[in-house]
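Engineer: Enclosed is the structure file work26.csv (CSV, C-alpha atoms).
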chain,number,residue,atom,x,y,z
A,49,MET,CA,5.9,20.1,-13.4
A,50,ALA,CA,8.3,21.6,-10.9
A,51,ALA,CA,9.4,19.4,-8.0
A,52,GLN,CA,9.1,20.8,-4.5
A,53,VAL,CA,12.1,19.7,-2.4
A,54,ILE,CA,11.8,19.4,1.4
A,55,SER,CA,15.4,19.5,2.4
A,56,ASN,CA,14.9,20.5,6.0
A,57,SER,CA,12.7,17.5,6.9
A,58,GLY,CA,13.7,17.6,10.6
A,59,HIS,CA,14.4,13.8,10.6
A,60,ASP,CA,17.7,12.8,12.2
A,61,GLU,CA,18.1,9.6,10.0
A,62,MET,CA,17.0,8.1,6.8
A,63,ILE,CA,13.4,8.7,5.6
A,64,HIS,CA,11.7,5.4,4.5
A,65,ASP,CA,8.3,6.5,3.3
A,66,ALA,CA,6.3,9.7,2.5
A,67,GLY,CA,2.6,10.0,1.7
A,68,LEU,CA,0.3,12.9,0.8
A,69,ASP,CA,-3.2,12.8,2.1
A,70,TYR,CA,-6.3,12.6,-0.1
A,71,TYR,CA,-6.4,16.4,-0.7
A,72,GLY,CA,-2.7,16.8,-1.2
A,73,ARG,CA,-2.6,19.3,1.7
A,74,ARG,CA,-0.7,17.2,4.3
A,75,LEU,CA,2.5,15.2,3.9
A,76,ALA,CA,3.5,12.4,6.4
A,77,THR,CA,7.1,11.2,6.5
A,78,CYS,CA,8.7,8.4,8.6
A,79,SER,CA,12.2,7.6,9.5
A,80,SER,CA,14.8,5.4,11.2
A,81,ASP,CA,14.7,8.0,13.9
A,82,LYS,CA,11.5,6.3,15.1
A,83,THR,CA,9.3,9.4,14.4
A,84,ILE,CA,6.6,10.4,12.0
A,85,LYS,CA,6.4,14.0,10.9
A,86,ILE,CA,3.3,15.8,9.4
A,87,PHE,CA,3.8,18.8,7.1
A,88,GLU,CA,1.2,21.2,5.9
A,89,ILE,CA,1.7,21.9,2.1
A,90,GLU,CA,0.5,25.2,0.7
A,91,GLY,CA,1.5,26.0,-2.9
A,92,GLU,CA,5.3,26.3,-2.8
A,93,THR,CA,5.6,26.3,0.9
A,94,HIS,CA,5.5,23.6,3.6
A,95,ARG,CA,5.7,23.7,7.4
A,96,LEU,CA,6.1,21.1,10.0
A,97,ILE,CA,3.0,20.9,12.1
A,98,GLU,CA,3.5,17.7,14.2
A,99,THR,CA,6.0,15.1,15.2
A,100,LEU,CA,4.4,11.8,16.3
A,101,LYS,CA,6.4,9.6,18.7
A,102,GLY,CA,5.4,6.1,19.9
A,103,HIS,CA,7.4,3.6,17.8
A,104,GLU,CA,10.5,1.9,19.3
A,105,GLY,CA,12.2,1.1,16.1
A,106,ALA,CA,12.6,2.4,12.5
A,107,VAL,CA,9.3,3.4,11.0
A,108,TRP,CA,9.0,1.8,7.5
A,109,CYS,CA,5.5,2.9,6.3
A,110,VAL,CA,2.8,5.5,6.7
A,111,ALA,CA,-0.6,5.5,5.1
A,112,TRP,CA,-3.6,7.9,5.2
A,113,ALA,CA,-7.1,6.6,5.5
A,114,HIS,CA,-9.9,8.0,3.3
A,115,PRO,CA,-11.1,11.3,4.8
A,116,LYS,CA,-14.7,10.0,5.2
A,117,PHE,CA,-13.3,8.2,8.2
A,118,GLY,CA,-11.7,11.3,9.7
A,119,THR,CA,-8.0,12.4,9.6
A,120,ILE,CA,-6.4,9.1,10.3
A,121,LEU,CA,-2.9,7.9,9.7
A,122,ALA,CA,-1.5,4.4,10.1
A,123,SER,CA,2.2,3.6,10.7
A,124,SER,CA,4.2,0.4,10.9
A,125,SER,CA,7.7,-0.3,12.3
A,126,TYR,CA,10.6,-2.6,12.9
A,127,ASP,CA,9.3,-2.8,16.5
A,128,GLY,CA,6.4,-5.1,15.3
A,129,LYS,CA,3.8,-2.5,16.0
A,130,VAL,CA,1.1,-0.9,13.9
A,131,LEU,CA,-0.1,2.5,15.3
A,132,ILE,CA,-3.2,4.4,14.3
A,133,TRP,CA,-3.1,8.1,14.8
A,134,ARG,CA,-6.0,10.5,14.6
A,135,GLU,CA,-6.2,14.3,14.5
A,136,GLN,CA,-9.0,15.7,16.7
A,137,HIS,CA,-10.2,19.0,15.3
A,138,GLN,CA,-10.5,21.7,17.9
A,139,ASN,CA,-12.6,23.9,15.7
A,140,ALA,CA,-15.3,22.2,13.7
A,141,THR,CA,-15.8,25.2,11.3
A,142,SER,CA,-12.2,25.2,10.1
A,143,PRO,CA,-10.7,21.8,9.6
A,144,VAL,CA,-7.6,23.3,8.0
A,145,ALA,CA,-6.7,25.0,11.2
A,146,GLY,CA,-5.5,21.6,12.4
A,147,GLY,CA,-5.9,19.9,15.8
A,148,ALA,CA,-4.2,17.7,18.3
A,149,TRP,CA,-2.9,14.3,17.1
A,150,THR,CA,-3.5,11.3,19.4
A,151,LYS,CA,-2.7,7.6,19.1
A,152,VAL,CA,-6.0,5.9,19.0
A,153,PHE,CA,-4.9,2.2,18.5
A,154,ASP,CA,-1.8,0.3,19.3
A,155,PHE,CA,-1.7,-3.1,17.6
A,156,SER,CA,1.3,-5.2,18.8
A,157,LEU,CA,0.4,-8.8,18.0
A,158,HIS,CA,3.1,-9.2,15.3
A,159,THR,CA,6.3,-10.8,16.6
A,160,ALA,CA,8.7,-9.2,14.0
A,161,SER,CA,8.9,-6.1,11.8
A,162,VAL,CA,5.7,-4.8,10.1
A,163,ASN,CA,6.9,-3.9,6.7
A,164,MET,CA,3.9,-2.4,5.1
A,165,VAL,CA,0.3,-1.2,5.8
A,166,SER,CA,-2.4,-0.6,3.2
A,167,TRP,CA,-5.9,0.8,3.5
A,168,ALA,CA,-8.7,-1.0,1.6
A,169,PRO,CA,-10.8,0.9,-0.9
A,170,HIS,CA,-13.1,3.1,1.2
A,171,GLU,CA,-16.2,1.4,-0.2
A,172,SER,CA,-15.3,-1.7,1.7
A,173,GLY,CA,-15.1,0.0,5.1
A,174,CYS,CA,-12.2,1.3,7.3
A,175,LEU,CA,-9.9,-1.7,6.9
A,176,LEU,CA,-6.1,-1.8,7.2
A,177,ALA,CA,-4.0,-4.7,6.0
A,178,CYS,CA,-0.6,-5.2,7.5
A,179,ALA,CA,2.3,-7.3,6.2
A,180,SER,CA,4.9,-8.6,8.7
A,181,SER,CA,8.3,-10.4,8.7
A,182,ASP,CA,6.8,-12.9,11.2
A,183,GLY,CA,5.0,-14.5,8.2
A,184,HIS,CA,1.6,-13.2,9.2
A,185,VAL,CA,-0.9,-10.7,7.8
A,186,SER,CA,-3.3,-8.8,10.0
A,187,VAL,CA,-6.4,-6.9,9.0
A,188,LEU,CA,-7.6,-4.2,11.4
A,189,GLU,CA,-11.2,-2.9,11.0
A,190,PHE,CA,-12.7,0.2,12.6
A,191,ARG,CA,-16.4,-0.1,13.0
A,192,ASP,CA,-19.0,1.1,15.5
A,193,ASN,CA,-16.3,3.2,17.2
A,194,SER,CA,-14.0,0.4,18.0
A,195,TRP,CA,-11.1,-1.6,16.4
A,196,THR,CA,-11.2,-5.3,15.7
A,197,HIS,CA,-8.5,-7.5,14.1
A,198,GLN,CA,-7.8,-10.7,12.4
A,199,ILE,CA,-4.3,-12.2,12.0
A,200,PHE,CA,-3.3,-15.2,9.9
A,201,HIS,CA,-0.3,-16.9,8.5
A,202,ALA,CA,0.5,-16.0,4.9
A,203,HIS,CA,4.1,-16.6,3.8
A,204,GLY,CA,6.6,-18.9,5.5
A,205,MET,CA,9.7,-16.6,5.4
A,206,GLY,CA,7.9,-13.3,5.9
A,207,VAL,CA,5.5,-10.9,4.2
A,208,ASN,CA,7.1,-7.9,2.5
A,209,SER,CA,4.2,-6.2,0.8
A,210,ILE,CA,0.4,-6.0,0.5
A,211,SER,CA,-2.0,-4.3,-1.9
A,212,TRP,CA,-5.8,-4.3,-2.1
A,213,ALA,CA,-7.8,-5.0,-5.3
A,214,PRO,CA,-10.3,-2.3,-6.4
A,215,ALA,CA,-13.7,-2.6,-4.7
A,216,ALA,CA,-15.5,-3.2,-8.0
A,217,ALA,CA,-14.7,-6.4,-9.8
A,218,PRO,CA,-13.1,-6.1,-13.3
A,219,GLY,CA,-15.7,-5.7,-16.0
A,220,SER,CA,-18.5,-4.9,-13.5
A,221,LEU,CA,-18.7,-1.2,-14.6
A,222,ILE,CA,-19.1,-2.1,-18.3
A,223,SER,CA,-21.1,-5.3,-17.9
A,224,SER,CA,-24.9,-5.6,-18.5
A,225,ASN,CA,-25.3,-7.9,-15.5
A,226,PRO,CA,-22.9,-6.5,-12.8
A,227,GLY,CA,-21.5,-9.0,-10.3
A,228,PRO,CA,-22.0,-8.9,-6.5
A,229,GLY,CA,-20.3,-5.5,-6.2
A,230,GLN,CA,-18.0,-4.9,-3.3
A,231,GLN,CA,-15.2,-7.5,-3.1
A,232,ARG,CA,-12.6,-7.6,-0.4
A,233,ARG,CA,-9.4,-9.0,-1.9
A,234,PHE,CA,-5.8,-8.3,-1.6
A,235,VAL,CA,-2.5,-9.7,-2.8
A,236,THR,CA,0.7,-10.3,-0.7
A,237,GLY,CA,4.3,-10.7,-1.7
A,238,GLY,CA,6.6,-12.8,0.3
A,239,SER,CA,10.2,-13.8,1.0
A,240,ASP,CA,9.2,-17.3,-0.3
A,241,ASN,CA,9.3,-15.7,-3.9
A,242,LEU,CA,5.5,-16.1,-4.1
A,243,LEU,CA,2.5,-13.8,-4.6
A,244,LYS,CA,-0.8,-14.9,-2.9
A,245,ILE,CA,-4.3,-13.6,-3.5
A,246,TRP,CA,-6.7,-13.5,-0.5
A,247,ASP,CA,-10.5,-13.3,-0.7
A,248,TYR,CA,-12.8,-12.5,2.2
A,249,ASN,CA,-15.5,-15.0,2.9
A,250,PRO,CA,-18.4,-13.1,4.6
A,251,GLU,CA,-19.9,-16.4,5.9
A,252,THR,CA,-16.9,-17.6,7.8
A,253,LYS,CA,-15.6,-14.0,8.2
A,254,THR,CA,-12.1,-15.1,7.2
A,255,TYR,CA,-9.6,-14.4,4.4
A,256,ASN,CA,-8.7,-17.4,2.3
A,257,ASN,CA,-5.8,-17.9,0.0
A,258,THR,CA,-7.6,-18.5,-3.4
A,259,GLN,CA,-4.6,-18.2,-5.7
A,260,THR,CA,-0.8,-18.5,-5.6
A,261,LEU,CA,1.3,-16.9,-8.4
A,262,GLU,CA,4.7,-18.4,-9.0
A,263,GLY,CA,7.4,-17.1,-11.2
A,264,HIS,CA,9.9,-15.0,-9.3
A,265,SER,CA,13.2,-16.6,-8.2
A,266,ASP,CA,13.9,-14.4,-5.3
A,267,TRP,CA,12.1,-12.3,-2.6
A,268,VAL,CA,9.0,-10.4,-3.8
A,269,ARG,CA,9.7,-6.9,-2.4
A,270,ASP,CA,6.5,-5.1,-3.6
A,271,VAL,CA,3.1,-5.8,-5.1
A,272,ALA,CA,0.6,-3.4,-6.5
A,273,TRP,CA,-2.9,-4.2,-7.7
A,274,SER,CA,-4.0,-1.8,-10.5
A,275,PRO,CA,-7.0,0.4,-9.7
A,276,SER,CA,-8.3,-0.1,-13.2
A,277,VAL,CA,-11.7,-2.0,-13.3
A,278,LEU,CA,-12.3,-2.1,-17.1
A,279,SER,CA,-12.1,-5.6,-18.4
A,280,LYS,CA,-8.9,-7.0,-16.8
A,281,SER,CA,-7.2,-7.2,-13.5
A,282,TYR,CA,-3.5,-6.3,-13.3
A,283,ILE,CA,-1.0,-6.9,-10.5
A,284,ALA,CA,2.6,-5.7,-10.7
A,285,SER,CA,5.3,-7.4,-8.6
A,286,ALA,CA,8.9,-6.2,-8.0
A,287,SER,CA,11.5,-8.6,-6.9
A,288,GLN,CA,15.1,-9.1,-5.7
A,289,ASP,CA,15.5,-11.2,-8.8
A,290,LYS,CA,15.9,-8.0,-11.0
A,291,THR,CA,12.5,-8.5,-12.7
A,292,VAL,CA,9.1,-6.9,-12.5
A,293,ARG,CA,6.2,-9.2,-13.5
A,294,ILE,CA,2.8,-7.9,-14.6
A,295,TRP,CA,0.1,-10.5,-13.9
A,296,THR,CA,-3.1,-10.2,-15.9
A,297,SER,CA,-6.5,-11.8,-15.5
A,298,ASP,CA,-9.4,-11.4,-17.8
A,299,ALA,CA,-12.9,-10.8,-16.3
A,300,SER,CA,-14.2,-13.7,-18.4
A,301,ASN,CA,-11.8,-16.1,-16.7
A,302,PRO,CA,-11.0,-14.6,-13.3
A,303,GLY,CA,-9.0,-17.6,-11.9
A,304,GLN,CA,-6.5,-17.6,-14.8
A,305,TRP,CA,-3.5,-15.3,-14.4
A,306,THR,CA,-0.7,-14.9,-17.0
A,307,SER,CA,2.4,-12.8,-16.5
A,308,GLN,CA,4.9,-10.8,-18.5
A,309,GLN,CA,8.4,-10.2,-17.3
A,310,LEU,CA,10.3,-6.9,-17.5
A,311,GLU,CA,14.0,-7.3,-16.9
A,312,PHE,CA,16.3,-4.8,-15.2
A,313,ASP,CA,20.0,-4.5,-14.2
A,314,THR,CA,19.3,-4.0,-10.6
A,315,VAL,CA,17.2,-5.4,-7.7
A,316,LEU,CA,13.8,-3.8,-7.6
A,317,TRP,CA,12.1,-2.2,-4.7
A,318,ARG,CA,8.8,-0.6,-5.5
A,319,VAL,CA,6.0,-0.7,-8.2
A,320,SER,CA,3.2,1.9,-8.2
A,321,TRP,CA,0.3,2.5,-10.6
A,322,SER,CA,-1.1,5.8,-11.8
A,323,PRO,CA,-4.6,6.6,-10.5
A,324,SER,CA,-6.2,5.4,-13.7
A,325,GLY,CA,-4.1,2.2,-13.6
A,326,ASN,CA,-2.6,2.5,-17.1
A,327,ILE,CA,0.9,3.6,-16.3
A,328,LEU,CA,3.3,1.7,-14.0
A,329,ALA,CA,6.2,3.3,-12.2
A,330,VAL,CA,9.1,1.0,-11.2
A,331,SER,CA,12.0,1.9,-8.9
A,332,GLY,CA,15.1,-0.1,-7.9
A,333,GLY,CA,18.5,-0.2,-6.4
A,334,ASP,CA,20.0,2.2,-8.9
A,335,ASN,CA,17.8,5.1,-7.6
A,336,LYS,CA,16.1,5.5,-11.0
A,337,VAL,CA,12.4,5.4,-11.7
A,338,SER,CA,11.0,4.2,-15.1
A,339,LEU,CA,7.4,4.4,-16.4
A,340,TRP,CA,5.8,1.6,-18.4
A,341,LYS,CA,2.7,1.3,-20.5
A,342,GLU,CA,0.9,-1.5,-22.3
A,343,ASN,CA,0.8,-1.2,-26.0
A,344,LEU,CA,-2.1,-2.3,-28.3
A,345,LYS,CA,-0.5,-5.7,-28.7
A,346,GLY,CA,-0.6,-6.3,-25.0
A,347,GLN,CA,3.2,-5.9,-24.5
A,348,TRP,CA,4.6,-3.5,-21.8
A,349,GLU,CA,6.9,-0.8,-23.1
A,350,LYS,CA,9.1,1.7,-21.3
A,351,VAL,CA,7.8,5.2,-22.0
A,352,LYS,CA,10.1,7.2,-19.8
A,353,ASP,CA,13.2,7.2,-17.5
A,354,ILE,CA,13.0,9.7,-14.7
A,355,GLU,CA,16.4,10.7,-13.4
A,356,GLU,CA,17.4,13.6,-11.1
Go ahead and render the structure in this file as structure tokens.
Structural biologist:
Amino acid sequence: MAAQVISNSGHDEMIHDAGLDYYGRRLATCSSDKTIKIFEIEGETHRLIETLKGHEGAVWCVAWAHPKFGTILASSSYDGKVLIWREQHQNATSPVAGGAWTKVFDFSLHTASVNMVSWAPHESGCLLACASSDGHVSVLEFRDNSWTHQIFHAHGMGVNSISWAPAAAPGSLISSNPGPGQQRRFVTGGSDNLLKIWDYNPETKTYNNTQTLEGHSDWVRDVAWSPSVLSKSYIASASQDKTVRIWTSDASNPGQWTSQQLEFDTVLWRVSWSPSGNILAVSGGDNKVSLWKENLKGQWEKVKDIEE
């Protein structure tokens, strides 16, 4: 597969995140220059179609919502804000023609940098979870044409990352008596070296910390819940302690998590699962990416190093 390089991004400073939309036709990038840029991708070509301005600090993260909610992009920044942007189509018959982008929600209750934003699986609704250095997590929800929010304390020294569980519980697709169906759960990684799992309680309408996973000896920089819903749940965590841990829980005993540790020579920044959830990509301070897969004995093996 040939790589398409966008060298003329138009950003004046470092780019911190980039994300393709659901269809792979739009790319959003964000930078220390406080802007977000939207590119249209067509085959081998790309063109800048919009620059979004509104943040007052470096923009760390951009995330596209599922298209069933419209063309919606969330961004989070060092300025403590989460902004929601929406493209209003001028011409209903031709959505590709593009439209005008507007800021539809400005969430500024966090008192420090918002490091990551993540949309829930679309089956659960239009929900955005946000992780902040102020130690809090917020969950924004768009329903009945308006935005509501919850905000709660999660990690004492700051929250670095957040990732939603798949909407279907593990084993429910292959089980003769499927469980309750849509679950709202996510995992957070903090500067207290911990991972915490949060479950939504529909009666109290709150998110409760139902599990704390200990093992890392330094900041947890990233967490990623695998999209796989076969028989097990997998969570990967990347840490400043130069390890990745892969936490596994079996559908037969959902409260029990065990972890395997992968060791590296460098601090680790990001972990990311393939769409089927069977391959894990890991990137760290040496600017290399490695791919890992579970073998039949249940051990994780490196299958590839990707280097420029």
Engineer: Write out as a VMD selection string each polymer residue whose atoms come within 6 Å of segment 106-108 of chain A, counting all atoms listed in the file; drop sequence neighbours fewer than 2 positions from it.
Structural biologist: chain A and resid 64 78 to 80 82 124 to 126
Engineer: Between atom CA of Val315 of chain A and atom CA of Gly238 of chain A, what is the distance in Å, rounded to a tenth?
Structural biologist: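 Atom-to-atom, atom CA of Val315 of chain A to atom CA of Gly238 of chain A, that is 15.2 Å.
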Engineer: What's around Ala272 of chain A at 10 Å? Count all atoms listed in the file, leave out sequence neighbours fewer than 4 positions away in its own chain, and write the answer as an MDAnalysis selection string.
Structural biologist: chainID A and resid 209:213 234:237 282:286 294 318:321 328
Engineer: Could the residues in this selection be saved with C-alpha atoms as an mmCIF file, keeping the file's coordinate frame?
Structural biologist:
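Saved the output as part.cif:
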data_model
loop_
_atom_site.group_PDB
_atom_site.id
_atom_site.type_symbol
_atom_site.label_atom_id
_atom_site.label_comp_id
_atom_site.auth_asym_id
_atom_site.auth_seq_id
_atom_site.Cartn_x
_atom_site.Cartn_y
_atom_site.Cartn_z
ATOM 1 C CA SER A 209 4.200 -6.200 0.800
ATOM 2 C CA ILE A 210 0.400 -6.000 0.500
ATOM 3 C CA SER A 211 -2.000 -4.300 -1.900
ATOM 4 C CA TRP A 212 -5.800 -4.300 -2.100
ATOM 5 C CA ALA A 213 -7.800 -5.000 -5.300
ATOM 6 C CA PHE A 234 -5.800 -8.300 -1.600
ATOM 7 C CA VAL A 235 -2.500 -9.700 -2.800
ATOM 8 C CA THR A 236 0.700 -10.300 -0.700
ATOM 9 C CA GLY A 237 4.300 -10.700 -1.700
ATOM 10 C CA TYR A 282 -3.500 -6.300 -13.300
ATOM 11 C CA ILE A 283 -1.000 -6.900 -10.500
ATOM 12 C CA ALA A 284 2.600 -5.700 -10.700
ATOM 13 C CA SER A 285 5.300 -7.400 -8.600
ATOM 14 C CA ALA A 286 8.900 -6.200 -8.000
ATOM 15 C CA ILE A 294 2.800 -7.900 -14.600
ATOM 16 C CA ARG A 318 8.800 -0.600 -5.500
ATOM 17 C CA VAL A 319 6.000 -0.700 -8.200
ATOM 18 C CA SER A 320 3.200 1.900 -8.200
ATOM 19 C CA TRP A 321 0.300 2.500 -10.600
ATOM 20 C CA LEU A 328 3.300 1.700 -14.000
#
Engineer: Would you mind listing what lies within 6 Å of segment 88-90 of chain A as JSON, numbers by chain, with only C-alpha atoms counted and same-chain residues fewer than 2 positions away left out?
Structural biologist: {"A": [73, 74, 93, 94, 95]}
Engineer: Distance atom CA of Gly102 of chain A-atom CA of Leu175 of chain A, one decimal place?
Structural biologist: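 Computed distance, atom CA of Gly102 of chain A to atom CA of Leu175 of chain A, equals 21.5 Å.
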Engineer: Do you have the atom CA of Arg134 of chain A-atom CA of Pro169 of chain A distance handy?
Structural biologist: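 Going from atom CA of Arg134 of chain A over to atom CA of Pro169 of chain A, I get 18.9 Å.
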Engineer: For Glu349 of chain A, work out the shell of residues within 10 Å, counting only C-alpha atoms and skipping chain neighbours fewer than 6 positions away, then give it as a PyMOL selection string.
Structural biologist: chain A and resi 310+339-343
Engineer: Just the residues within 8 Å of Gly183 of chain A, please, counting all atoms listed in the file, with nothing from its chain fewer than 3 positions along; format it as a list in words.
Structural biologist: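 Listing them by chain and then by number gives Ala179, Ser180, His201, Ala202, His203, Gly204, Met205, Gly206 and Val207 of chain A.
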Engineer: Any chance you could model N, CA, C and O atoms for segment 172-193 of chain A and send them as a tab-separated table (two decimals), in the frame of the given file?
Structural biologist:
chain	number	residue	atom	x	y	z
A	172	SER	N	-15.22	-0.48	0.94
A	172	SER	CA	-15.30	-1.70	1.70
A	172	SER	C	-15.31	-1.51	3.21
A	172	SER	O	-15.50	-2.45	3.98
A	173	GLY	N	-15.09	-0.27	3.64
A	173	GLY	CA	-15.10	0.00	5.10
A	173	GLY	C	-13.67	0.52	5.47
A	173	GLY	O	-12.78	0.65	4.64
A	174	CYS	N	-13.51	0.78	6.75
A	174	CYS	CA	-12.20	1.30	7.30
A	174	CYS	C	-11.37	0.09	7.67
A	174	CYS	O	-11.37	-0.34	8.82
A	175	LEU	N	-10.65	-0.45	6.68
A	175	LEU	CA	-9.90	-1.70	6.90
A	175	LEU	C	-8.43	-1.45	6.54
A	175	LEU	O	-8.11	-0.85	5.51
A	176	LEU	N	-7.55	-1.93	7.39
A	176	LEU	CA	-6.10	-1.80	7.20
A	176	LEU	C	-5.47	-3.16	7.17
A	176	LEU	O	-5.60	-3.93	8.13
A	177	ALA	N	-4.76	-3.48	6.08
A	177	ALA	CA	-4.00	-4.70	6.00
A	177	ALA	C	-2.55	-4.49	6.31
A	177	ALA	O	-1.99	-3.48	5.87
A	178	CYS	N	-1.92	-5.40	7.06
A	178	CYS	CA	-0.60	-5.20	7.50
A	178	CYS	C	0.27	-6.46	7.20
A	178	CYS	O	-0.18	-7.58	7.44
A	179	ALA	N	1.48	-6.25	6.65
A	179	ALA	CA	2.30	-7.30	6.20
A	179	ALA	C	3.58	-7.39	7.13
A	179	ALA	O	4.27	-6.38	7.29
A	180	SER	N	3.86	-8.56	7.71
A	180	SER	CA	4.90	-8.60	8.70
A	180	SER	C	5.98	-9.71	8.36
A	180	SER	O	5.67	-10.75	7.76
A	181	SER	N	7.20	-9.46	8.82
A	181	SER	CA	8.30	-10.40	8.70
A	181	SER	C	8.06	-11.70	9.50
A	181	SER	O	8.77	-12.68	9.32
A	182	ASP	N	7.05	-11.68	10.40
A	182	ASP	CA	6.80	-12.90	11.20
A	182	ASP	C	5.99	-13.93	10.32
A	182	ASP	O	5.63	-14.99	10.81
A	183	GLY	N	5.71	-13.58	9.06
A	183	GLY	CA	5.00	-14.50	8.20
A	183	GLY	C	3.50	-14.31	8.17
A	183	GLY	O	2.78	-14.97	7.43
A	184	HIS	N	3.02	-13.38	9.02
A	184	HIS	CA	1.60	-13.20	9.20
A	184	HIS	C	1.10	-11.90	8.53
A	184	HIS	O	1.86	-10.94	8.38
A	185	VAL	N	-0.18	-11.92	8.20
A	185	VAL	CA	-0.90	-10.70	7.80
A	185	VAL	C	-1.98	-10.46	8.80
A	185	VAL	O	-2.60	-11.40	9.31
A	186	SER	N	-2.19	-9.19	9.13
A	186	SER	CA	-3.30	-8.80	10.00
A	186	SER	C	-4.20	-7.86	9.23
A	186	SER	O	-3.72	-7.10	8.38
A	187	VAL	N	-5.49	-7.90	9.52
A	187	VAL	CA	-6.40	-6.90	9.00
A	187	VAL	C	-7.16	-6.29	10.14
A	187	VAL	O	-7.81	-6.98	10.93
A	188	LEU	N	-6.99	-4.98	10.28
A	188	LEU	CA	-7.60	-4.20	11.40
A	188	LEU	C	-8.88	-3.56	10.77
A	188	LEU	O	-8.84	-3.07	9.64
A	189	GLU	N	-9.95	-3.52	11.53
A	189	GLU	CA	-11.20	-2.90	11.00
A	189	GLU	C	-11.73	-1.95	12.12
A	189	GLU	O	-11.82	-2.31	13.28
A	190	PHE	N	-12.07	-0.73	11.68
A	190	PHE	CA	-12.70	0.20	12.60
A	190	PHE	C	-14.17	0.31	12.25
A	190	PHE	O	-14.56	0.67	11.15
A	191	ARG	N	-15.01	-0.12	13.22
A	191	ARG	CA	-16.40	-0.10	13.00
A	191	ARG	C	-17.14	0.12	14.32
A	191	ARG	O	-16.70	-0.38	15.34
A	192	ASP	N	-18.24	0.87	14.29
A	192	ASP	CA	-19.00	1.10	15.50
A	192	ASP	C	-18.10	1.65	16.64
A	192	ASP	O	-18.18	1.20	17.78
A	193	ASN	N	-17.19	2.54	16.25
A	193	ASN	CA	-16.30	3.20	17.20
A	193	ASN	C	-15.31	2.34	17.92
A	193	ASN	O	-14.80	2.70	18.97
